[in-house]
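Encoded as structure tokens, the structure appears first; notes follow it.
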Amino acid sequence: MSNLKEVFANKKAFIPFVVADDPDIETTVANVLTLAQNGADIVELGIPFSDPVADGPVIQKADLRAFKADVNTNVVFEIVEKIRQKSSVPIVFLTYLNIPFKYGYDKFCQRCQELDISGLVIPDAPIEEQCELKPYAEKYGVDLIPLIAPTSADRIEKIAQSATGFIYVVSSLGVTGVRDELAIQQLSETIERIKKVTDVPAAIGFGIHSSEQAGKLATIADGIIIGSAVVQIVADGGDVQKNLGEYALSIKDAISVKA
Amino acid sequence: MKEMQKEAKDVSHYGEFGGQYIPETLMNELKNVANAYNKYKDDPDFLKELHDLLNNYANRPSLLYYADKMTKDLGGAKIYLKREDLNHTGAHKINNVIGQALIAKRMGKTRLIAETGAGQHGVATATIAALFGMKCEIFMGKVDTDRQKLNVYRMQLLGAKVHPITSGSMVLKDAVNAALQNWASRIDDTFYVLGSAVGPYPFPEMVHDFQSVISKESKAQILEAEGRLPDAVVACVGGGSNAIGSFAEYIDDKDVELIGCEAAGKGVDTDQTAATIERGSVGIFHGMKSLFLQNDDGQIDQVYSISAGLDYPGVGPEHARLAELKRAKYVGITDDEAVNAFEYIAKTEGIIAAIESCHALAYVMKLAPTMSKDKIIICTVSGRGDKDVASIAKYRGVDIDE
Ligand SMILES: Cc1ncc(COP(=O)(O)O)c(C=O)c1O
């Protein structure tokens with residue numbers, strides 16, 4: 001088990017997402033460091049997959065930019081190595097199961113441990129299909145962060161009970177992307193049910209972009225995950241470091257008041 | 001295969017293959033589909049409605065036609081063609097669509113979505129949606145909407161909305177991605193009618209069961225015609241639905257050789273291929289563990305075949321298992337061989353067969369002469385080839401006005 005849980009102690013965690021190698025190695029390293037310096041408590045780093053079925057158009061485009069830069073699994077590890085020379089910010093990977101499967105679960109999780117990667121978020125590995133990966137994740141102290149969706153219903157308790165690190169609560173149906181309407185009522189019910197069976201923190205993600213939304217959701221969750229909105233700032237170009245830094249601070253500020 | 005089920009981890013696996021590698025959002029819905037399927041699959045009312053539609057709407061049983069001229073010309077084994085091309089809508093796809101749509105109806109769904117490659121599965125889904133009064137949306141790669149224009153218009157005529165998919169390589173796998181995404185965003189009223197023996201459990205099993213009507217019929221028909229079982233059964237393999245349907249009833253008959261024909265494109269050893277079983281490796285994609293064409297990092301390849309219906313980087317988990325057990329054999333057929341078979345079967349038997357099916361026919365052209373005259377081959381003609389006429393003309397450099 002990693003130290004992820006401690007990150008949530010006494011504060012609401014801000015968890016931004018960036019795609020590794022979008023658009024190149026140096027920029028990704030700089031982006032992660034900027035986010036870490038401006039309030040990110042955990043950084044979620046995406047390992048691009050050719051067919052990201054759980055991701056919306058913004059992240060799909062970022063994956064394509066990374067493929068243009070010839071990203072592969074070892075390049076992503078190289079990026080983390082560079083980040084680690086300057087920062088110990090907790091990092092989790094987001095990827096699809098075929099990536100660690102092909103790399104070899106043992107070798108992949110071992111690399112994660114060496115680079116102090118705390119956890120893995122794998123959208124196409126529901127808990128029933130984690131059994132092959134789990135022994136290796138446990139061996140190397142890497143948390144498998146489960147997702148709970150608005151459709152999880154009777155599965156909520158089962159998923160929450162087996163979770164370590166934190167739980168990724170999916171705010172809306174479908175794929176990642178920026179959304180305006182979030183069903184706060186349903187989300188808070190889901191989180192209440194989670195809290196009844198575990199003290200593993202629950203962070204909300206999918207579709208969050210404004211600091212106002214983040215602030216509202218921070219009243220019911222332990223952390224806020226922001227993906228597409230962050231990736232869009234990277235895509236927009238200009239002074240990305242400045243824009244990312246300001247955005248991160250505004251989110252951190254919005255969620256901290258509630259803590 | 002009874003023996004296969006016994007050793008399986010559970011009903012959702014075929015040896016190590018299969019499973020439900022799908023986002024959490026869809027897990028409960030998959031369970032609902034599996035529960036509904038298991039509830040109805042032996043239900044007399046369901047079966048009555050299924051068989052009534054298969055026989056009185058889809059034109060089953062399909063003929064098992066003795067291809068006398070082809071047999072004589074090739075000079076070896078007797079060749080029987082299982083004529084799925086004569087089904088309503090022109091391919092085997094309708095068998096599975098009727099079954100799944102009846103499940104959808106019983107689940108109270110009002111909207112059907114489907115992926116399609118060649119357009120045959122899309123046409124079948126649009127057809128049944130029209131018949132059942134359901135809404136229908138079809139996802140099809142942009143490359144395929146361009147090369148199968150006739151089928152796009154057929155779907156529109158039937159009242160379906162066709163979404164050309166411009167992500168990725170813009171072919172079948174990208175259409176599956178888009179259909180899965182659409183399903184995840186709208187499960188309340190929507191049923192995803194998966195068109196091949198792929199995807200997460202229970203789809204491979206449902207598709208197997210609904211397509212096994214092909215071999216149930218062919219077995220009875222060949223026993224009637226010849227008084228014995230065939231020596232070989234040959235079918236083309238994209239995701240593997242017509243092949244699993246053609247094999248199903250013979251899997252326990254060890255003396256019947258089962259042969260699946262994959263699209264080798266420009267050649268099995270080129271990078272312009274879709275020969276998944278010969279060239280692929282174990283991976284996890286589209287909800288299943290199976291064999292995939294992919295690179296060393298696990299990125300799924302952009303595959304190639306002249307045939308839009310075989311242009312898929314994976315294969316159904318049951319085929320991966322049959323290949324591993326060596327119960328079935330899988331061979332690659334190139335574009336050239338398939339196009340030659342397209343022309344051969346037209347001139348010899350007066351049948352314009354789908355370019356997908358011509359991959360199986362091309363192998364029969366090689367196999368039959370090596371077998372003695374007392375041997376019997378059954379080859380499934382999975383669909384008719386009207387949809388392919390324009391692109392074959394183009395392949396031959398003939399300019400025809402579509
Ligand atoms: C006529 C025909 N045959 C074969 C196929 C390949 O699918 P499968 O391998 O599932 O039978 C298709 C798919 O579009 C088709 O249209």
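Here, A, B, ... name the chains of the structure tokens in the order displayed, residue numbers run from 1 inside each chain, and ligands are numbered from 1 in the same displayed order.
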
Query - Shell of 6 Å around range 75-84 of chain B, only C-alpha atoms, local chain residues under 5 positions omitted, as a ChimeraX atom specification - result: /B:62-67,91-92,368-369,371-373,375-383

Query raised in the report: Leaving out Pro16 in chain A and any residue of its chain fewer than 4 positions from it, which residues lie within 8 Å of it when counting only C-alpha atoms, given as number ranges by chain?
Result: A: 35, 40, 42-44, 225-227, 230

Residues of the last selection are to be written out with N, CA and C atoms, as a PDB file, in the first residue's frame.
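The result, written out as result-v1.pdb:
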ATOM      1  N   LEU A  35       2.289  22.268 -11.737  1.00  0.00           N
ATOM      2  CA  LEU A  35       1.080  21.883 -10.997  1.00  0.00           C
ATOM      3  C   LEU A  35       1.423  21.582  -9.545  1.00  0.00           C
ATOM      4  N   ALA A  40      -1.232  21.304  -6.554  1.00  0.00           N
ATOM      5  CA  ALA A  40      -1.625  19.915  -6.814  1.00  0.00           C
ATOM      6  C   ALA A  40      -1.115  19.021  -5.700  1.00  0.00           C
ATOM      7  N   ILE A  42      -1.799  15.540  -5.732  1.00  0.00           N
ATOM      8  CA  ILE A  42      -1.428  14.312  -6.439  1.00  0.00           C
ATOM      9  C   ILE A  42      -1.508  14.681  -7.916  1.00  0.00           C
ATOM     10  N   VAL A  43      -0.591  14.185  -8.730  1.00  0.00           N
ATOM     11  CA  VAL A  43      -0.730  14.391 -10.171  1.00  0.00           C
ATOM     12  C   VAL A  43      -1.053  13.060 -10.819  1.00  0.00           C
ATOM     13  N   GLU A  44      -2.094  13.100 -11.658  1.00  0.00           N
ATOM     14  CA  GLU A  44      -2.473  11.904 -12.405  1.00  0.00           C
ATOM     15  C   GLU A  44      -1.836  12.020 -13.781  1.00  0.00           C
ATOM     16  N   ILE A 225     -10.690  15.704  -8.933  1.00  0.00           N
ATOM     17  CA  ILE A 225      -9.827  15.326 -10.049  1.00  0.00           C
ATOM     18  C   ILE A 225     -10.231  16.148 -11.265  1.00  0.00           C
ATOM     19  N   ILE A 226      -9.285  16.815 -11.880  1.00  0.00           N
ATOM     20  CA  ILE A 226      -9.618  17.607 -13.075  1.00  0.00           C
ATOM     21  C   ILE A 226      -8.744  17.158 -14.239  1.00  0.00           C
ATOM     22  N   GLY A 227      -9.390  16.645 -15.279  1.00  0.00           N
ATOM     23  CA  GLY A 227      -8.666  16.096 -16.415  1.00  0.00           C
ATOM     24  C   GLY A 227      -8.723  16.989 -17.639  1.00  0.00           C
ATOM     25  N   VAL A 230      -7.610  20.684 -17.636  1.00  0.00           N
ATOM     26  CA  VAL A 230      -6.160  20.888 -17.528  1.00  0.00           C
ATOM     27  C   VAL A 230      -5.490  20.577 -18.873  1.00  0.00           C
TER      28      VAL A 230
END

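Here the question is which of B:Ala308, B:Ala34, B:Met288, B:Ala390 gets nearest to ligand 1 using only C-alpha atoms and all ligand atoms, and that residue is B:Ala308.
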
Report task. Kindly compile the residues surrounding ligand 1 within 9 Å, counting only C-alpha atoms and all ligand atoms, and format them as a PyMOL selection string. Result -> chain B and resi 84-85+90-93+116-122+172+195-198+207+235-245+262+307-311+315-316+353-358+381-385

Query - Residue among A:Gln161, A:Met1, A:Cys109, A:Glu246 lying closest to Lys196 in chain A, counting only C-alpha atoms - result: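 Distance minimum relative to Lys196 in chain A lands on A:Gln161.
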
Query raised in the report: When DSSP works through the backbone of this structure, what residues of range 156-291 of chain B end up as helix (DSSP H, G or I), shown as number ranges by chain?
Result: B: 156-157, 172-185, 203-211, 213-226, 241-250, 276-279

Quick one: write out the picked residues with C-alpha atoms as a CSV table (one decimal), in the first residue's frame?
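Below you can see result_23.csv, which holds the result:
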chain,number,residue,atom,x,y,z
B,156,GLN,CA,-30.7,5.5,-43.9
B,157,LEU,CA,-33.6,4.2,-46.0
B,172,LEU,CA,-14.3,-1.2,-37.5
B,173,LYS,CA,-12.4,-1.0,-34.3
B,174,ASP,CA,-13.0,2.8,-34.1
B,175,ALA,CA,-16.7,2.1,-34.7
B,176,VAL,CA,-16.7,-0.3,-31.7
B,177,ASN,CA,-15.0,2.4,-29.6
B,178,ALA,CA,-17.6,4.9,-30.5
B,179,ALA,CA,-20.5,2.5,-30.0
B,180,LEU,CA,-19.2,1.6,-26.5
B,181,GLN,CA,-18.8,5.3,-25.6
B,182,ASN,CA,-22.3,6.0,-26.8
B,183,TRP,CA,-23.7,3.1,-24.8
B,184,ALA,CA,-21.9,4.2,-21.7
B,185,SER,CA,-23.5,7.6,-22.0
B,203,PHE,CA,-21.7,-11.0,-26.0
B,204,PRO,CA,-19.4,-13.7,-27.3
B,205,GLU,CA,-21.7,-16.3,-25.8
B,206,MET,CA,-24.9,-14.7,-27.1
B,207,VAL,CA,-23.4,-14.3,-30.6
B,208,HIS,CA,-22.2,-17.9,-30.5
B,209,ASP,CA,-25.7,-19.1,-29.6
B,210,PHE,CA,-27.6,-17.0,-32.1
B,211,GLN,CA,-25.3,-17.8,-34.9
B,213,VAL,CA,-28.3,-21.9,-36.2
B,214,ILE,CA,-26.0,-22.0,-39.2
B,215,SER,CA,-24.3,-25.3,-38.1
B,216,LYS,CA,-27.5,-26.7,-36.5
B,217,GLU,CA,-29.1,-26.5,-40.0
B,218,SER,CA,-26.0,-27.5,-42.0
B,219,LYS,CA,-25.5,-30.6,-39.9
B,220,ALA,CA,-29.1,-31.8,-40.5
B,221,GLN,CA,-28.8,-30.8,-44.1
B,222,ILE,CA,-25.6,-32.7,-44.8
B,223,LEU,CA,-26.8,-35.8,-43.0
B,224,GLU,CA,-29.9,-35.6,-45.2
B,225,ALA,CA,-27.9,-35.1,-48.4
B,226,GLU,CA,-24.8,-37.3,-47.7
B,241,SER,CA,-19.4,-14.6,-35.7
B,242,ASN,CA,-20.2,-16.5,-38.9
B,243,ALA,CA,-17.3,-18.8,-38.2
B,244,ILE,CA,-18.3,-19.7,-34.7
B,245,GLY,CA,-21.9,-20.2,-35.9
B,246,SER,CA,-20.6,-22.5,-38.7
B,247,PHE,CA,-18.3,-24.4,-36.3
B,248,ALA,CA,-20.5,-24.6,-33.1
B,249,GLU,CA,-22.3,-27.9,-33.7
B,250,TYR,CA,-19.2,-29.6,-35.0
B,276,THR,CA,-5.0,-11.7,-36.0
B,277,ILE,CA,-4.6,-15.3,-35.0
B,278,GLU,CA,-1.5,-15.9,-37.1
B,279,ARG,CA,0.2,-12.6,-36.3

Report task. Using only C-alpha atoms, find which residues of chain A lie within 9 Å of chain B and jot them down as a ChimeraX atom specification. Result -> /A:48-56,60,64,72-74,96-103,122-129,146-155,170,172-175

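Put simply, CA of Ser391 in chain B is 12.5 Å away from CA of Val143 in chain B.
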
Query raised in the report: Which polymer residues have any atom within 7 Å of an atom of Ala202 in chain A, counting only C-alpha atoms, with same-chain residues fewer than 3 positions away left out, as a list in words?
Result: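 Returned residues: Phe166, Ile167, Tyr168, Val169, Ala221, Asp222 and Gly223 of chain A.
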
Report task. Please indicate the distance in Å from CA of Leu112 in chain B to CA of Cys136 in chain B, rounded to one decimal place. Result ->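 These two atoms are separated by 4.8 Å.
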
For Val19 in chain A, work out the shell of residues within 7 Å, counting only C-alpha atoms and skipping chain neighbours fewer than 4 positions away, then give it as a PDB file with all heavy atoms, in the first residue's frame.
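Done, and the output landed in selection.pdb:
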ATOM      1  N   LEU A  45      -1.003  11.052 -14.120  1.00  0.00           N
ATOM      2  CA  LEU A  45      -0.276  11.103 -15.383  1.00  0.00           C
ATOM      3  C   LEU A  45      -0.825  10.021 -16.314  1.00  0.00           C
ATOM      4  O   LEU A  45      -0.833   8.838 -15.961  1.00  0.00           O
ATOM      5  CB  LEU A  45       1.213  10.878 -15.096  1.00  0.00           C
ATOM      6  CG  LEU A  45       2.217  11.179 -16.206  1.00  0.00           C
ATOM      7  CD1 LEU A  45       2.148  12.640 -16.648  1.00  0.00           C
ATOM      8  CD2 LEU A  45       3.639  10.851 -15.738  1.00  0.00           C
ATOM      9  N   GLY A  46      -1.287  10.439 -17.474  1.00  0.00           N
ATOM     10  CA  GLY A  46      -1.890   9.476 -18.396  1.00  0.00           C
ATOM     11  C   GLY A  46      -0.853   8.829 -19.295  1.00  0.00           C
ATOM     12  O   GLY A  46      -0.056   9.521 -19.922  1.00  0.00           O
ATOM     13  N   ILE A  47      -0.841   7.508 -19.340  1.00  0.00           N
ATOM     14  CA  ILE A  47      -0.018   6.800 -20.330  1.00  0.00           C
ATOM     15  C   ILE A  47      -0.918   6.581 -21.535  1.00  0.00           C
ATOM     16  O   ILE A  47      -1.917   5.869 -21.440  1.00  0.00           O
ATOM     17  CB  ILE A  47       0.482   5.443 -19.808  1.00  0.00           C
ATOM     18  CG1 ILE A  47       1.202   5.615 -18.466  1.00  0.00           C
ATOM     19  CG2 ILE A  47       1.398   4.786 -20.844  1.00  0.00           C
ATOM     20  CD1 ILE A  47       1.704   4.297 -17.875  1.00  0.00           C
ATOM     21  N   PRO A  48      -0.618   7.225 -22.672  1.00  0.00           N
ATOM     22  CA  PRO A  48      -1.545   7.162 -23.806  1.00  0.00           C
ATOM     23  C   PRO A  48      -1.794   5.738 -24.296  1.00  0.00           C
ATOM     24  O   PRO A  48      -0.901   4.886 -24.256  1.00  0.00           O
ATOM     25  CB  PRO A  48      -0.829   7.976 -24.885  1.00  0.00           C
ATOM     26  CG  PRO A  48       0.079   8.886 -24.135  1.00  0.00           C
ATOM     27  CD  PRO A  48       0.528   8.088 -22.947  1.00  0.00           C
ATOM     28  N   ALA A  62      -5.006  14.767 -27.003  1.00  0.00           N
ATOM     29  CA  ALA A  62      -3.720  14.834 -26.297  1.00  0.00           C
ATOM     30  C   ALA A  62      -2.935  13.536 -26.514  1.00  0.00           C
ATOM     31  O   ALA A  62      -1.714  13.554 -26.721  1.00  0.00           O
ATOM     32  CB  ALA A  62      -3.957  15.070 -24.809  1.00  0.00           C
ATOM     33  N   ASP A  63      -3.649  12.400 -26.488  1.00  0.00           N
ATOM     34  CA  ASP A  63      -2.998  11.112 -26.752  1.00  0.00           C
ATOM     35  C   ASP A  63      -2.359  11.119 -28.140  1.00  0.00           C
ATOM     36  O   ASP A  63      -1.233  10.648 -28.327  1.00  0.00           O
ATOM     37  CB  ASP A  63      -4.011   9.961 -26.665  1.00  0.00           C
ATOM     38  CG  ASP A  63      -4.367   9.588 -25.223  1.00  0.00           C
ATOM     39  OD1 ASP A  63      -3.724  10.126 -24.293  1.00  0.00           O
ATOM     40  OD2 ASP A  63      -5.274   8.763 -25.025  1.00  0.00           O
TER      41      ASP A  63
END

Report task. Go ahead and compute the interatomic distance for CA of Asp189 in chain B and CA of Gln185 in chain A, in Å to one decimal. Result ->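 Pair CA of Asp189 in chain B / CA of Gln185 in chain A returns 22.4 Å.
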
Query raised in the report: Using only C-alpha atoms, which residue out of B:Asp388, B:Asp374, B:Asp10, B:Asp73 lies closest to Val339 in chain B?
Result: B:Asp388

Requested in this report: For Asn10 in chain A, list every protein, DNA or RNA residue within 12 Å, evaluated using only C-alpha atoms, and leave out those in the same chain fewer than 2 positions away; present the list as a count of residues only.
Outcome: 12
